[in-house]
>>> print(open('input_14.cif').read())   # mmCIF, N, CA and C atoms
data_data
#
loop_
_atom_site.group_PDB
_atom_site.id
_atom_site.type_symbol
_atom_site.label_atom_id
_atom_site.label_comp_id
_atom_site.auth_asym_id
_atom_site.auth_seq_id
_atom_site.Cartn_x
_atom_site.Cartn_y
_atom_site.Cartn_z
ATOM 1 N N MET U 1 168.165 -82.655 -112.833
ATOM 2 C CA MET U 1 168.699 -82.571 -111.498
ATOM 3 C C MET U 1 169.685 -81.408 -111.446
ATOM 4 N N ASN U 2 169.627 -80.619 -110.394
ATOM 5 C CA ASN U 2 170.565 -79.502 -110.275
ATOM 6 C C ASN U 2 171.803 -79.934 -109.481
ATOM 7 N N LEU U 3 172.681 -78.998 -109.180
ATOM 8 C CA LEU U 3 173.939 -79.318 -108.521
ATOM 9 C C LEU U 3 173.768 -79.882 -107.111
ATOM 10 N N ASN U 4 172.669 -79.546 -106.456
ATOM 11 C CA ASN U 4 172.425 -80.026 -105.100
ATOM 12 C C ASN U 4 171.760 -81.400 -105.075
ATOM 13 N N GLY U 5 171.555 -82.007 -106.237
ATOM 14 C CA GLY U 5 170.912 -83.310 -106.296
ATOM 15 C C GLY U 5 169.399 -83.248 -106.220
ATOM 16 N N VAL U 6 168.833 -82.065 -106.375
ATOM 17 C CA VAL U 6 167.396 -81.884 -106.302
ATOM 18 C C VAL U 6 166.837 -81.868 -107.726
ATOM 19 N N VAL U 7 165.747 -82.590 -107.934
ATOM 20 C CA VAL U 7 165.120 -82.649 -109.241
ATOM 21 C C VAL U 7 164.284 -81.392 -109.433
ATOM 22 N N ASP U 8 164.470 -80.701 -110.570
ATOM 23 C CA ASP U 8 163.671 -79.507 -110.822
ATOM 24 C C ASP U 8 162.278 -79.919 -111.296
ATOM 25 N N ASP U 9 161.342 -78.969 -111.284
ATOM 26 C CA ASP U 9 159.944 -79.262 -111.596
ATOM 27 C C ASP U 9 159.751 -79.758 -113.028
ATOM 28 N N ALA U 10 160.512 -79.236 -113.982
ATOM 29 C CA ALA U 10 160.360 -79.670 -115.372
ATOM 30 C C ALA U 10 160.760 -81.140 -115.526
ATOM 31 N N ALA U 11 161.842 -81.535 -114.898
ATOM 32 C CA ALA U 11 162.279 -82.932 -114.958
ATOM 33 C C ALA U 11 161.286 -83.830 -114.229
ATOM 34 N N LEU U 12 160.769 -83.350 -113.107
ATOM 35 C CA LEU U 12 159.766 -84.102 -112.361
ATOM 36 C C LEU U 12 158.519 -84.306 -113.216
ATOM 37 N N ALA U 13 158.078 -83.260 -113.907
ATOM 38 C CA ALA U 13 156.903 -83.353 -114.774
ATOM 39 C C ALA U 13 157.124 -84.362 -115.896
ATOM 40 N N ARG U 14 158.324 -84.366 -116.493
ATOM 41 C CA ARG U 14 158.628 -85.330 -117.559
ATOM 42 C C ARG U 14 158.542 -86.762 -117.045
ATOM 43 N N GLU U 15 159.102 -86.998 -115.875
ATOM 44 C CA GLU U 15 159.092 -88.350 -115.319
ATOM 45 C C GLU U 15 157.686 -88.784 -114.904
ATOM 46 N N LEU U 16 156.942 -87.887 -114.270
ATOM 47 C CA LEU U 16 155.611 -88.248 -113.790
ATOM 48 C C LEU U 16 154.588 -88.356 -114.908
ATOM 49 N N SER U 17 154.839 -87.714 -116.045
ATOM 50 C CA SER U 17 153.880 -87.777 -117.153
ATOM 51 C C SER U 17 153.730 -89.203 -117.668
ATOM 52 N N ARG U 18 154.710 -90.034 -117.435
ATOM 53 C CA ARG U 18 154.636 -91.437 -117.863
ATOM 54 C C ARG U 18 153.675 -92.252 -117.005
ATOM 55 N N LEU U 19 153.361 -91.760 -115.815
ATOM 56 C CA LEU U 19 152.517 -92.508 -114.889
ATOM 57 C C LEU U 19 151.029 -92.336 -115.152
ATOM 58 N N CYS U 20 150.638 -91.193 -115.638
ATOM 59 C CA CYS U 20 149.220 -90.904 -115.791
ATOM 60 C C CYS U 20 148.758 -91.248 -117.202
ATOM 61 N N PRO U 21 147.784 -92.097 -117.326
ATOM 62 C CA PRO U 21 147.282 -92.450 -118.659
ATOM 63 C C PRO U 21 146.317 -91.387 -119.177
ATOM 64 N N HIS U 22 146.850 -90.370 -119.863
ATOM 65 C CA HIS U 22 145.954 -89.346 -120.401
ATOM 66 C C HIS U 22 145.120 -89.955 -121.518
ATOM 67 N N ARG U 23 144.024 -89.338 -121.811
ATOM 68 C CA ARG U 23 143.056 -89.880 -122.760
ATOM 69 C C ARG U 23 143.003 -89.078 -124.057
ATOM 70 N N GLU U 24 144.155 -88.619 -124.506
ATOM 71 C CA GLU U 24 144.198 -87.809 -125.726
ATOM 72 C C GLU U 24 143.646 -88.590 -126.912
ATOM 73 N N HIS U 25 143.920 -89.868 -126.991
ATOM 74 C CA HIS U 25 143.441 -90.679 -128.097
ATOM 75 C C HIS U 25 141.929 -90.896 -128.047
ATOM 76 N N GLU U 26 141.309 -90.719 -126.875
ATOM 77 C CA GLU U 26 139.867 -90.872 -126.727
ATOM 78 C C GLU U 26 139.136 -89.533 -126.717
ATOM 79 N N SER U 27 139.863 -88.440 -126.678
ATOM 80 C CA SER U 27 139.247 -87.120 -126.590
ATOM 81 C C SER U 27 138.633 -86.720 -127.922
ATOM 82 N N SER U 28 137.688 -85.835 -127.823
ATOM 83 C CA SER U 28 137.039 -85.328 -129.028
ATOM 84 C C SER U 28 137.787 -84.098 -129.541
ATOM 85 N N ALA U 29 137.363 -83.620 -130.685
ATOM 86 C CA ALA U 29 137.965 -82.407 -131.250
ATOM 87 C C ALA U 29 137.737 -81.216 -130.326
ATOM 88 N N VAL U 30 136.631 -81.205 -129.634
ATOM 89 C CA VAL U 30 136.309 -80.091 -128.732
ATOM 90 C C VAL U 30 137.271 -80.075 -127.543
ATOM 91 N N THR U 31 137.533 -81.236 -126.948
ATOM 92 C CA THR U 31 138.446 -81.268 -125.811
ATOM 93 C C THR U 31 139.871 -80.940 -126.247
ATOM 94 N N GLY U 32 140.251 -81.359 -127.442
ATOM 95 C CA GLY U 32 141.564 -80.983 -127.972
ATOM 96 C C GLY U 32 141.680 -79.484 -128.155
ATOM 97 N N LEU U 33 140.615 -78.861 -128.636
ATOM 98 C CA LEU U 33 140.594 -77.407 -128.800
ATOM 99 C C LEU U 33 140.667 -76.708 -127.451
ATOM 100 N N LEU U 34 139.941 -77.228 -126.464
ATOM 101 C CA LEU U 34 139.975 -76.630 -125.130
ATOM 102 C C LEU U 34 141.384 -76.676 -124.545
ATOM 103 N N CYS U 35 142.077 -77.788 -124.722
ATOM 104 C CA CYS U 35 143.455 -77.892 -124.222
ATOM 105 C C CYS U 35 144.370 -76.913 -124.954
ATOM 106 N N ARG U 36 144.168 -76.758 -126.250
ATOM 107 C CA ARG U 36 145.027 -75.836 -127.007
ATOM 108 C C ARG U 36 144.844 -74.383 -126.576
ATOM 109 N N VAL U 37 143.656 -74.031 -126.091
ATOM 110 C CA VAL U 37 143.450 -72.657 -125.627
ATOM 111 C C VAL U 37 143.713 -72.515 -124.127
ATOM 112 N N GLY U 38 144.110 -73.621 -123.467
ATOM 113 C CA GLY U 38 144.516 -73.534 -122.073
ATOM 114 C C GLY U 38 143.489 -73.965 -121.057
ATOM 115 N N ILE U 39 142.393 -74.558 -121.508
ATOM 116 C CA ILE U 39 141.379 -75.055 -120.572
ATOM 117 C C ILE U 39 141.554 -76.563 -120.483
ATOM 118 N N HIS U 40 142.113 -77.004 -119.359
ATOM 119 C CA HIS U 40 142.438 -78.417 -119.179
ATOM 120 C C HIS U 40 141.509 -79.055 -118.156
ATOM 121 N N HIS U 41 141.454 -80.362 -118.165
ATOM 122 C CA HIS U 41 140.680 -81.151 -117.199
ATOM 123 C C HIS U 41 141.689 -81.807 -116.263
ATOM 124 N N TRP U 42 142.032 -81.104 -115.173
ATOM 125 C CA TRP U 42 143.101 -81.557 -114.279
ATOM 126 C C TRP U 42 142.608 -82.648 -113.345
ATOM 127 N N ARG U 43 143.442 -83.669 -113.181
ATOM 128 C CA ARG U 43 143.197 -84.761 -112.245
ATOM 129 C C ARG U 43 144.417 -84.902 -111.354
ATOM 130 N N GLN U 44 144.210 -85.400 -110.170
ATOM 131 C CA GLN U 44 145.314 -85.576 -109.235
ATOM 132 C C GLN U 44 145.417 -87.046 -108.848
ATOM 133 N N LEU U 45 146.633 -87.568 -108.867
ATOM 134 C CA LEU U 45 146.898 -88.927 -108.412
ATOM 135 C C LEU U 45 147.556 -88.884 -107.042
ATOM 136 N N ALA U 46 147.494 -89.970 -106.317
ATOM 137 C CA ALA U 46 148.139 -90.063 -105.010
ATOM 138 C C ALA U 46 149.631 -90.329 -105.232
ATOM 139 N N LEU U 47 150.429 -89.267 -105.247
ATOM 140 C CA LEU U 47 151.857 -89.376 -105.513
ATOM 141 C C LEU U 47 152.697 -88.857 -104.357
ATOM 142 N N ALA U 48 152.223 -89.017 -103.150
ATOM 143 C CA ALA U 48 152.926 -88.466 -102.000
ATOM 144 C C ALA U 48 154.342 -89.009 -101.866
ATOM 145 N N GLU U 49 154.548 -90.259 -102.218
ATOM 146 C CA GLU U 49 155.883 -90.859 -102.100
ATOM 147 C C GLU U 49 156.820 -90.411 -103.219
ATOM 148 N N LEU U 50 156.285 -90.131 -104.402
ATOM 149 C CA LEU U 50 157.122 -89.782 -105.547
ATOM 150 C C LEU U 50 157.414 -88.292 -105.661
ATOM 151 N N ALA U 51 156.499 -87.469 -105.183
ATOM 152 C CA ALA U 51 156.646 -86.018 -105.319
ATOM 153 C C ALA U 51 156.331 -85.361 -103.981
ATOM 154 N N ARG U 52 157.206 -85.529 -103.045
ATOM 155 C CA ARG U 52 156.981 -84.995 -101.697
ATOM 156 C C ARG U 52 156.919 -83.470 -101.713
ATOM 157 N N GLY U 53 155.858 -82.948 -101.114
ATOM 158 C CA GLY U 53 155.719 -81.504 -100.986
ATOM 159 C C GLY U 53 155.319 -80.787 -102.271
ATOM 160 N N LYS U 54 154.970 -81.520 -103.311
ATOM 161 C CA LYS U 54 154.601 -80.923 -104.590
ATOM 162 C C LYS U 54 153.126 -81.168 -104.858
ATOM 163 N N ASP U 55 152.474 -80.188 -105.461
ATOM 164 C CA ASP U 55 151.100 -80.337 -105.912
ATOM 165 C C ASP U 55 151.165 -80.708 -107.391
ATOM 166 N N VAL U 56 150.928 -81.970 -107.714
ATOM 167 C CA VAL U 56 151.047 -82.469 -109.078
ATOM 168 C C VAL U 56 149.665 -82.837 -109.598
ATOM 169 N N ARG U 57 149.330 -82.308 -110.782
ATOM 170 C CA ARG U 57 148.061 -82.626 -111.429
ATOM 171 C C ARG U 57 148.327 -82.941 -112.895
ATOM 172 N N PHE U 58 147.486 -83.826 -113.441
ATOM 173 C CA PHE U 58 147.624 -84.264 -114.820
ATOM 174 C C PHE U 58 146.385 -83.872 -115.599
ATOM 175 N N CYS U 59 146.556 -83.451 -116.853
ATOM 176 C CA CYS U 59 145.403 -83.186 -117.701
ATOM 177 C C CYS U 59 144.896 -84.527 -118.216
ATOM 178 N N TYR U 60 143.617 -84.750 -118.063
ATOM 179 C CA TYR U 60 143.002 -86.001 -118.493
ATOM 180 C C TYR U 60 142.846 -86.060 -120.012
ATOM 181 N N TRP U 61 142.861 -84.891 -120.657
ATOM 182 C CA TRP U 61 142.620 -84.825 -122.099
ATOM 183 C C TRP U 61 143.891 -84.719 -122.926
ATOM 184 N N CYS U 62 145.013 -84.326 -122.335
ATOM 185 C CA CYS U 62 146.270 -84.204 -123.091
ATOM 186 C C CYS U 62 147.419 -84.654 -122.197
ATOM 187 N N SER U 63 148.633 -84.476 -122.631
ATOM 188 C CA SER U 63 149.786 -85.008 -121.887
ATOM 189 C C SER U 63 150.439 -83.996 -120.958
ATOM 190 N N LYS U 64 149.833 -82.840 -120.728
ATOM 191 C CA LYS U 64 150.449 -81.816 -119.879
ATOM 192 C C LYS U 64 150.340 -82.165 -118.401
ATOM 193 N N VAL U 65 151.326 -81.689 -117.658
ATOM 194 C CA VAL U 65 151.407 -81.923 -116.216
ATOM 195 C C VAL U 65 151.588 -80.574 -115.541
ATOM 196 N N LYS U 66 150.874 -80.366 -114.446
ATOM 197 C CA LYS U 66 151.008 -79.123 -113.678
ATOM 198 C C LYS U 66 151.670 -79.459 -112.349
ATOM 199 N N VAL U 67 152.808 -78.805 -112.092
ATOM 200 C CA VAL U 67 153.545 -79.002 -110.838
ATOM 201 C C VAL U 67 153.591 -77.664 -110.117
ATOM 202 N N ASP U 68 152.970 -77.603 -108.947
ATOM 203 C CA ASP U 68 152.902 -76.381 -108.151
ATOM 204 C C ASP U 68 152.417 -75.188 -108.954
ATOM 205 N N GLY U 69 151.420 -75.394 -109.803
ATOM 206 C CA GLY U 69 150.803 -74.313 -110.561
ATOM 207 C C GLY U 69 151.427 -74.009 -111.911
ATOM 208 N N ALA U 70 152.609 -74.524 -112.204
ATOM 209 C CA ALA U 70 153.266 -74.313 -113.488
ATOM 210 C C ALA U 70 152.970 -75.504 -114.409
ATOM 211 N N VAL U 71 152.586 -75.217 -115.657
ATOM 212 C CA VAL U 71 152.209 -76.251 -116.619
ATOM 213 C C VAL U 71 153.421 -76.643 -117.462
ATOM 214 N N TYR U 72 153.635 -77.951 -117.573
ATOM 215 C CA TYR U 72 154.763 -78.488 -118.355
ATOM 216 C C TYR U 72 154.230 -79.478 -119.376
ATOM 217 N N GLU U 73 154.875 -79.488 -120.532
ATOM 218 C CA GLU U 73 154.549 -80.489 -121.563
ATOM 219 C C GLU U 73 155.748 -81.398 -121.746
ATOM 220 N N PRO U 74 155.549 -82.696 -121.541
ATOM 221 C CA PRO U 74 156.684 -83.624 -121.634
ATOM 222 C C PRO U 74 157.235 -83.760 -123.039
#
>>> encode(input="input_14.cif", output="structure tokens")
Amino acid sequence: MNLNGVVDDAALARELSRLCPHREHESSAVTGLLCRVGIHHWRQLALAELARGKDVRFCYWCSKVKVDGAVYEP
């Protein structure tokens, strides 16, 4: 949270990463390799109440979260 009481995108990504059940434990070696080189399988949840005005997507294969186009790792 910054001085104005607004949550920054990195903190938002950390908090929201707990909501999405990524499937890293079910992924294959190939999907793990794809995530390591930056090719993710992005999914979007209905989070209008939690992240107003933000485009939030979760990688289905790893724990990364994308908020407004920037990728964060919790």
>>> atom_distance(input="input_14.cif", atom1="CA of Arg18 (chain U)", atom2="CA of Gly32 (chain U)")
19.6 Å
>>> resolve_selection(input="input_14.cif", expression="the PyMOL selection byres (((chain U and resi 45 and name CA) around 12) and name CA)", output="JSON, numbers by chain")
{"U": [16, 17, 19, 20, 21, 42, 43, 44, 46, 47, 48, 49, 50, 51, 54, 55, 56, 57, 58, 59, 60, 65, 66]}
>>> residues_around(input="input_14.cif", residues="Ala10 (chain U)", least_positions_apart="6", cutoff="8 Å", atoms="only N, CA and C atoms", output="list in words")
Leu16, Val67, Val71, Tyr72, Glu73 and Pro74 of chain U
>>> closest_residue(input="input_14.cif", among="U:Ala29, U:Leu34, U:Lys64, U:Gly69", to="Ala13 (chain U)", atoms="only C-alpha atoms")
U:Lys64
>>> closest_residue(input="input_14.cif", among="U:Glu15, U:Arg52, U:Trp61, U:His41", to="Ser28 (chain U)", atoms="all atoms listed in the file")
U:Trp61
>>> select_by_dssp(input="input_14.cif", residues="region 38-67 of chain U", states="strand (DSSP E)", output="JSON, numbers by chain")
{"U": [42, 43, 56, 57, 58, 59, 65, 66, 67]}
